[in-house]
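**Q** My structure file upload_6.tsv, TSV, C-alpha atoms, is below:
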```tsv
chain	number	residue	atom	x	y	z
A	917	MET	CA	-6.88	63.96	-11.32
A	918	LYS	CA	-7.61	67.39	-9.88
A	919	VAL	CA	-11.13	68.76	-10.18
A	920	ASP	CA	-9.89	71.96	-11.84
A	921	ALA	CA	-8.27	69.85	-14.58
A	922	LEU	CA	-11.59	68.07	-14.93
A	923	CYS	CA	-13.34	71.42	-15.37
A	924	LYS	CA	-11.04	72.30	-18.26
A	925	LEU	CA	-11.47	68.86	-19.81
A	926	LEU	CA	-15.26	69.08	-19.70
A	927	ASP	CA	-15.55	72.81	-20.46
A	928	ALA	CA	-17.37	72.93	-17.13
A	929	ARG	CA	-18.48	75.83	-14.99
A	930	VAL	CA	-18.06	75.75	-11.20
A	931	LEU	CA	-21.36	76.22	-9.36
A	932	CYS	CA	-19.87	75.92	-5.88
A	933	GLY	CA	-16.98	74.57	-3.87
A	934	THR	CA	-13.23	74.50	-4.31
A	935	THR	CA	-11.79	72.66	-7.30
A	936	ASP	CA	-8.44	72.19	-5.63
A	937	ARG	CA	-9.19	68.59	-4.74
A	938	GLU	CA	-8.39	65.23	-6.27
A	939	PHE	CA	-11.05	62.82	-7.46
A	940	GLU	CA	-10.60	59.14	-8.04
A	941	GLY	CA	-13.05	56.96	-9.98
A	942	VAL	CA	-16.37	57.86	-11.54
A	943	TYR	CA	-19.98	56.84	-11.02
A	944	THR	CA	-22.77	57.95	-13.30
A	945	GLY	CA	-26.47	57.60	-12.59
A	946	ASP	CA	-29.54	59.55	-11.54
A	947	LEU	CA	-31.52	57.16	-9.37
A	948	LEU	CA	-30.63	58.09	-5.82
A	949	SER	CA	-30.84	54.62	-4.25
A	950	ARG	CA	-28.46	53.34	-6.89
A	951	ALA	CA	-26.10	56.27	-6.45
A	952	MET	CA	-26.33	55.94	-2.68
A	953	SER	CA	-24.89	52.45	-2.75
A	954	ARG	CA	-22.42	52.96	-5.61
A	955	VAL	CA	-20.84	56.42	-5.28
A	956	GLN	CA	-17.57	56.01	-3.41
A	957	THR	CA	-15.68	58.57	-1.37
A	958	ASP	CA	-13.70	60.94	-3.62
A	959	ASN	CA	-15.50	59.82	-6.80
A	960	ALA	CA	-16.72	62.16	-9.49
A	961	TRP	CA	-20.52	61.59	-9.56
A	962	VAL	CA	-21.94	62.37	-12.97
A	963	THR	CA	-25.68	63.02	-13.03
A	964	ILE	CA	-28.45	65.16	-14.49
A	965	MET	CA	-30.33	65.14	-11.20
A	966	ALA	CA	-29.86	68.47	-9.42
A	967	ASN	CA	-32.31	68.75	-6.55
A	968	ILE	CA	-31.67	68.93	-2.83
A	969	ASN	CA	-31.86	65.17	-2.44
A	970	VAL	CA	-28.71	64.89	-4.53
A	971	VAL	CA	-26.99	66.98	-1.87
A	972	ALA	CA	-28.20	64.61	0.86
A	973	VAL	CA	-26.85	61.59	-1.03
A	974	ALA	CA	-23.56	63.41	-1.64
A	975	ASN	CA	-23.32	64.27	2.06
A	976	LEU	CA	-23.53	60.60	2.86
A	977	THR	CA	-21.31	59.25	0.08
A	978	GLU	CA	-18.79	62.11	-0.13
A	979	PRO	CA	-17.84	62.33	-3.79
A	980	ALA	CA	-15.02	64.82	-4.51
A	981	VAL	CA	-17.22	66.48	-7.11
A	982	ILE	CA	-20.76	66.34	-8.49
A	983	VAL	CA	-20.63	66.75	-12.25
A	984	LEU	CA	-23.93	67.92	-13.72
A	985	ALA	CA	-24.27	66.96	-17.37
A	986	GLU	CA	-25.99	68.77	-20.23
A	987	ASP	CA	-25.65	72.21	-18.69
A	988	VAL	CA	-28.03	71.33	-15.88
A	989	VAL	CA	-28.02	73.99	-13.17
A	990	MET	CA	-28.62	73.16	-9.54
A	991	GLN	CA	-31.77	74.51	-7.93
A	992	GLN	CA	-31.06	77.34	-5.49
A	993	ASP	CA	-32.09	75.51	-2.30
A	994	ALA	CA	-29.87	72.61	-3.32
A	995	LEU	CA	-26.99	74.92	-4.16
A	996	ASP	CA	-27.30	76.64	-0.79
A	997	ALA	CA	-27.18	73.25	0.94
A	998	ALA	CA	-24.19	72.20	-1.19
A	999	VAL	CA	-22.30	75.36	-0.19
A	1000	GLU	CA	-23.17	74.79	3.45
A	1001	ASN	CA	-21.79	71.25	3.28
A	1002	ASP	CA	-18.65	72.20	1.39
A	1003	LEU	CA	-19.53	70.13	-1.69
A	1004	CYS	CA	-18.06	70.89	-5.09
A	1005	VAL	CA	-20.58	71.06	-7.95
A	1006	ILE	CA	-19.72	71.73	-11.58
A	1007	THR	CA	-21.85	71.75	-14.74
A	1008	SER	CA	-20.74	70.73	-18.23
A	1009	PRO	CA	-22.44	71.09	-21.62
A	1010	LEU	CA	-21.45	67.49	-22.41
A	1011	SER	CA	-23.75	64.51	-21.95
A	1012	ALA	CA	-23.10	62.00	-19.16
A	1013	TYR	CA	-21.79	59.58	-21.79
A	1014	GLU	CA	-19.47	62.19	-23.30
A	1015	ILE	CA	-18.20	63.16	-19.86
A	1016	CYS	CA	-17.35	59.56	-19.00
A	1017	CYS	CA	-15.64	59.04	-22.36
A	1018	ALA	CA	-13.58	62.22	-21.91
A	1019	ILE	CA	-12.40	61.15	-18.45
A	1020	ARG	CA	-11.60	57.66	-19.72
A	1021	GLU	CA	-9.54	59.07	-22.59
A	1022	MET	CA	-7.68	61.41	-20.25
A	1023	ALA	CA	-7.01	58.58	-17.78
A	1024	GLY	CA	-5.73	56.34	-20.56
A	1025	GLU	CA	-3.00	58.74	-21.61
B	522	MET	CA	-14.30	53.61	21.64
B	523	MET	CA	-16.73	54.19	24.51
B	524	SER	CA	-18.35	51.34	26.39
B	525	ASP	CA	-21.62	53.18	27.00
B	526	VAL	CA	-24.53	53.15	24.62
B	527	VAL	CA	-25.04	56.47	22.87
B	528	LYS	CA	-28.60	57.20	21.79
B	529	PHE	CA	-29.97	59.58	19.18
B	530	HIS	CA	-33.59	60.42	18.49
B	531	PHE	CA	-35.03	62.20	15.46
B	532	ASP	CA	-38.47	63.18	14.28
B	533	VAL	CA	-38.57	62.67	10.52
B	534	ASP	CA	-40.66	65.34	8.85
B	535	GLY	CA	-42.87	63.76	6.22
B	536	SER	CA	-44.20	66.95	4.73
B	537	ASP	CA	-41.42	67.82	2.33
B	538	PHE	CA	-38.52	66.23	0.56
B	539	SER	CA	-36.10	69.09	1.08
B	540	SER	CA	-35.21	67.92	4.58
B	541	ALA	CA	-35.33	64.20	3.76
B	542	GLY	CA	-32.05	62.61	4.75
B	543	ALA	CA	-31.31	65.15	7.47
B	544	ALA	CA	-31.44	62.57	10.27
B	545	SER	CA	-29.09	60.24	8.38
B	546	VAL	CA	-26.60	63.02	7.71
B	547	SER	CA	-26.72	64.00	11.38
B	548	VAL	CA	-26.13	60.40	12.53
B	549	LYS	CA	-23.22	60.09	10.13
B	550	LYS	CA	-21.54	63.16	11.62
B	551	LYS	CA	-22.10	61.94	15.17
B	552	LEU	CA	-20.78	58.45	14.45
B	553	ARG	CA	-17.69	60.00	12.92
B	554	GLN	CA	-17.13	62.09	16.05
B	555	LEU	CA	-17.48	58.91	18.12
B	556	GLY	CA	-14.71	57.28	16.10
B	557	TYR	CA	-16.54	54.54	14.20
B	558	SER	CA	-14.84	53.21	11.06
B	559	PRO	CA	-15.72	54.73	7.65
B	560	GLU	CA	-17.05	51.34	6.49
B	561	VAL	CA	-19.47	51.04	9.43
B	562	ILE	CA	-20.56	54.65	9.01
B	563	ARG	CA	-21.17	54.10	5.30
B	564	ARG	CA	-23.34	51.03	5.95
B	565	VAL	CA	-25.37	52.80	8.63
B	566	SER	CA	-25.74	55.90	6.45
B	567	ILE	CA	-27.03	54.02	3.42
B	568	ALA	CA	-29.44	51.83	5.36
B	569	MET	CA	-30.78	54.68	7.46
B	570	TYR	CA	-31.15	57.05	4.51
B	571	GLU	CA	-33.20	54.47	2.62
B	572	GLY	CA	-35.43	53.95	5.63
B	573	GLU	CA	-35.80	57.66	6.22
B	574	ILE	CA	-36.75	58.28	2.60
B	575	ASN	CA	-39.27	55.44	2.72
B	576	MET	CA	-40.95	57.05	5.72
B	577	VAL	CA	-41.19	60.37	3.86
B	578	ILE	CA	-42.44	58.84	0.61
B	579	HIS	CA	-44.90	56.34	2.02
B	580	ALA	CA	-45.76	57.17	5.61
B	581	ASN	CA	-45.77	60.95	6.09
B	582	GLY	CA	-42.73	60.76	8.33
B	583	GLY	CA	-42.08	59.06	11.65
B	584	THR	CA	-39.33	58.66	14.20
B	585	ALA	CA	-35.77	57.41	13.99
B	586	ASP	CA	-33.85	56.09	16.98
B	587	VAL	CA	-30.24	55.06	16.83
B	588	GLU	CA	-28.28	53.26	19.53
B	589	ALA	CA	-24.54	53.09	19.07
B	590	SER	CA	-22.44	50.84	21.28
B	591	ASP	CA	-19.03	49.23	21.01
B	592	ASP	CA	-20.23	46.08	19.26
B	593	LYS	CA	-23.18	47.22	17.13
B	594	ILE	CA	-25.36	50.04	15.90
B	595	VAL	CA	-29.11	49.58	16.02
B	596	ILE	CA	-31.47	51.78	13.99
B	597	VAL	CA	-35.20	51.75	14.69
B	598	LEU	CA	-37.50	53.54	12.25
B	599	ALA	CA	-41.13	53.74	13.26
B	600	ASP	CA	-44.06	55.24	11.37
B	601	LYS	CA	-47.84	55.34	11.51
B	602	GLY	CA	-48.18	54.96	7.75
B	603	PRO	CA	-50.24	52.57	5.65
B	604	GLY	CA	-48.13	49.48	6.42
B	605	ILE	CA	-46.69	47.08	3.84
B	606	PRO	CA	-49.33	44.67	2.48
B	607	ASP	CA	-46.85	42.29	0.83
B	608	VAL	CA	-43.42	42.41	2.47
B	609	GLU	CA	-41.93	39.76	0.17
B	610	LEU	CA	-42.90	41.78	-2.89
B	611	ALA	CA	-41.60	45.02	-1.34
B	612	MET	CA	-38.25	43.30	-0.75
B	613	GLN	CA	-37.77	42.56	-4.45
B	614	ALA	CA	-35.12	44.69	-6.12
B	615	GLY	CA	-36.75	47.08	-8.57
B	616	TYR	CA	-40.25	46.86	-7.09
B	617	SER	CA	-41.64	50.26	-6.15
B	618	THR	CA	-45.02	51.83	-5.53
B	619	ALA	CA	-43.63	55.39	-5.67
B	620	LYS	CA	-45.69	57.79	-7.79
B	621	ASP	CA	-44.32	59.60	-10.83
B	622	HIS	CA	-43.68	62.90	-9.03
B	623	ILE	CA	-41.55	60.99	-6.52
B	624	ARG	CA	-39.67	59.22	-9.31
B	625	ASN	CA	-38.97	62.57	-10.94
B	626	LEU	CA	-37.02	63.49	-7.82
B	627	GLY	CA	-34.75	60.49	-8.36
B	628	PHE	CA	-36.45	58.09	-5.97
B	629	GLY	CA	-38.48	54.98	-6.74
B	630	ALA	CA	-35.63	52.77	-7.98
B	631	GLY	CA	-37.08	49.96	-5.91
B	632	MET	CA	-33.75	49.56	-4.14
B	633	GLY	CA	-34.70	50.88	-0.71
B	634	LEU	CA	-35.34	47.64	1.16
B	635	PRO	CA	-32.75	45.68	-0.88
B	636	ASN	CA	-30.11	48.26	0.09
B	637	MET	CA	-31.21	48.08	3.71
B	638	ILE	CA	-30.76	44.30	3.67
B	639	LYS	CA	-27.46	44.50	1.82
B	640	TYR	CA	-25.82	46.98	4.18
B	641	THR	CA	-27.03	45.65	7.52
B	642	ASP	CA	-26.43	42.41	9.40
B	643	ASP	CA	-30.03	42.07	10.52
B	644	LEU	CA	-33.29	43.65	9.41
B	645	ARG	CA	-36.68	43.12	11.02
B	646	ILE	CA	-39.91	44.48	9.63
B	647	ASP	CA	-42.95	44.72	11.88
B	648	THR	CA	-45.83	46.01	9.81
B	649	VAL	CA	-49.58	46.14	10.16
B	650	VAL	CA	-51.68	47.40	7.26
B	651	GLY	CA	-53.50	50.55	8.31
B	652	GLU	CA	-51.43	51.00	11.48
B	653	GLY	CA	-47.79	51.45	10.51
B	654	THR	CA	-44.39	49.94	10.14
B	655	THR	CA	-41.39	49.59	12.42
B	656	ILE	CA	-38.07	48.63	10.91
B	657	THR	CA	-35.19	47.52	13.11
B	658	MET	CA	-31.76	47.32	11.54
B	659	THR	CA	-28.54	46.15	13.15
B	660	VAL	CA	-25.04	46.78	11.91
B	661	LEU	CA	-22.43	44.72	13.74
B	662	LEU	CA	-18.99	46.16	14.26
```
Show me this structure written as structure tokens.

**A**
Amino acid sequence: MKVDALCKLLDARVLCGTTDREFEGVYTGDLLSRAMSRVQTDNAWVTIMANINVVAVANLTEPAVIVLAEDVVMQQDALDAAVENDLCVITSPLSAYEICCAIREMAGE
Amino acid sequence: MMSDVVKFHFDVDGSDFSSAGAASVSVKKKLRQLGYSPEVIRRVSIAMYEGEINMVIHANGGTADVEASDDKIVIVLADKGPGIPDVELAMQAGYSTAKDHIRNLGFGAGMGLPNMIKYTDDLRIDTVVGEGTTITMTVLL
């Protein structure tokens, strides 16, 4: 699925990066050591954590998109680093659970 | 792949979390340029990031040295921190001594050392309470 389709699905706003990329698979979680070992390349990583350390973990794991749940907005220093590293970050009003359910439903069709 | 050993050295700043992980990200980029496989790079990245974060959280920083050759990658992380009083306990998944303000940043899952063991082929911990810790990790190609 393309990230821009994901944005529409989740009523999400783009904070940075291009949405013209495909993602495959989803990981959700906020603890960075867990995410570090579980987020796979080209995943959508759903989290409510939005500090600069999230950017470091994303740099190492390379998800296609970071999906911030519950309208969380990324801190400016983190956003700057995300832009610099060409990461795509979007924010959705939905909860992490609702986001995962929405993607699952979409994938099932 | 080159036959020489390529060495990288980093000073890990322990004073703030905003640069934590910078050495690992840099190593990842360099290993990619050198042509290592994504799987090897992923293992090195995870293990080194965990070690780097540990040095920032617990030891006020330290040094990171990486040696990349055609059969293995060796990562040495050295700090002059408080040392690890009970290594066996520190190795347990979920055990963490990180304070609340550290946990609020998303750290403190207690998965640092377990991840380092999981993603490397060899891990050695030399630690002396009150003097510091040196961790040597090897990822075989």

**Q** Write out as number ranges by chain the residues lying within 8 Å of stretch 1000-1005 of chain A, counting all atoms listed in the file and excluding same-chain residues fewer than 3 positions away.

**A** A: 930-935, 974-975, 980-984, 996-997

**Q** Can you list, as a list in words, every protein, DNA or RNA residue that comes within 10 Å of A:Glu940 when you count all atoms listed in the file, leaving out same-chain residues fewer than 3 positions away?

**A** Met917, Lys918, Val919, Gln956, Thr957, Asp958, Asn959, Ala960, Pro979, Ala980 and Val981 of chain A

**Q** Could you pull the residues within 6 Å of B:Leu598, counting only C-alpha atoms, minus those fewer than 6 positions along the same chain, as a PyMOL selection string?

**A** chain B and resi 584-585+655-656

**Q** Could you save the residues just selected, with C-alpha atoms, as a PDB file, keeping the file's coordinate frame?

**A**
```pdb
ATOM      1  CA  THR B 584     -39.330  58.660  14.200  1.00  0.00           C
ATOM      2  CA  ALA B 585     -35.770  57.410  13.990  1.00  0.00           C
ATOM      3  CA  THR B 655     -41.390  49.590  12.420  1.00  0.00           C
ATOM      4  CA  ILE B 656     -38.070  48.630  10.910  1.00  0.00           C
TER       5      ILE B 656
END
```

**Q** Could you check the closest approach to B:Ala630 for each of A:Asp920, A:Tyr943, A:Asp927, A:Leu948 and tell me which residue wins, using only C-alpha atoms?

**A**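 Smallest distance to B:Ala630 is found for A:Leu948.
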
**Q** For a quick check of understanding, using all atoms listed in the file, which of A:Thr963, A:Thr977, A:Ser949, A:Asn969 has the smallest distance to A:Leu995?

**A**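 Once distances to A:Leu995 are computed over all atoms listed in the file, the minimum belongs to A:Asn969.
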
**Q** Output as CSV one row per residue of chain A within 9 Å of chain B: the closest atom pair and its distance in Å to one decimal place, counting all atoms listed in the file, sorted by chain and residue number ascending.

**A**
```
residue,atom,partner,partner_atom,distance
A:Asp946,CA,B:Gly627,CA,6.2
A:Leu947,CA,B:Gly627,CA,4.7
A:Leu948,CA,B:Gly627,CA,5.4
A:Ser949,CA,B:Met632,CA,5.8
A:Arg950,CA,B:Met632,CA,7.1
A:Met952,CA,B:Ile567,CA,6.4
A:Ser953,CA,B:Ile567,CA,6.7
A:Met965,CA,B:Gly627,CA,7.0
A:Ala966,CA,B:Leu626,CA,8.9
A:Asn967,CA,B:Leu626,CA,7.2
A:Ile968,CA,B:Ser539,CA,5.9
A:Asn969,CA,B:Ser539,CA,6.8
A:Val970,CA,B:Gly627,CA,8.4
A:Ala972,CA,B:Gly542,CA,5.8
A:Val973,CA,B:Gly542,CA,7.8
A:Asn975,CA,B:Val546,CA,6.7
A:Leu976,CA,B:Val546,CA,6.2
A:Thr977,CA,B:Arg563,CA,7.3
A:Asp993,CA,B:Ser539,CA,8.3
A:Ala994,CA,B:Ser539,CA,8.4
```

**Q** Please, what distance in Å, to one decimal, runs between atom CA of B:Ile605 and atom CA of B:Asp647?

**A**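 So the two atoms, atom CA of B:Ile605 and atom CA of B:Asp647, lie 9.2 Å apart.
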
**Q** Find the residue from B:Leu644, B:Leu610, B:Val527, B:Ile638 that sits nearest to B:Glu588; use all atoms listed in the file when measuring.

**A**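 So, comparing all the options, the nearest one is B:Val527.
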
**Q** Can you measure atom CA of B:Asp592 to atom CA of B:Thr648 for me? One decimal in Å is fine.

**A**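 Atom-to-atom, atom CA of B:Asp592 to atom CA of B:Thr648, that is 27.3 Å.
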
**Q** How many Å separate atom CA of A:Trp961 from atom CA of B:Tyr616?

**A**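 Computing it gives 24.7 Å between the two atoms.
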
**Q** Pick from B:Val548, B:Leu661, B:Val650, B:Ala599: nearest to B:Asn581, with only C-alpha atoms counted?

**A**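 For B:Asn581, the nearest of the given residues is B:Ala599.
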
**Q** Measuring between only C-alpha atoms, which one of B:Met637, B:Val533, B:Val649, B:Ala619 shows the shortest distance to B:Met576?

**A** B:Val533

**Q** Box for stretch 986-1001 of chain A - axis-aligned, 5 Å on each of the six sides, all listed atoms - centre and size in Å to one decimal, as lines of an AutoDock Vina configuration file.

**A**
```
center_x = -26.9
center_y = 73.1
center_z = -8.4
size_x = 20.3
size_y = 18.6
size_z = 33.7
```

**Q** Please provide the set of residues having any atom within 8 Å of B:Gly651, restricted to all atoms listed in the file, with same-chain residues fewer than 4 positions apart removed, written as a PDB file with C-alpha atoms, in the coordinates of the input.

**A**
```pdb
ATOM      1  CA  GLY B 602     -48.180  54.960   7.750  1.00  0.00           C
ATOM      2  CA  PRO B 603     -50.240  52.570   5.650  1.00  0.00           C
ATOM      3  CA  GLY B 604     -48.130  49.480   6.420  1.00  0.00           C
TER       4      GLY B 604
END
```
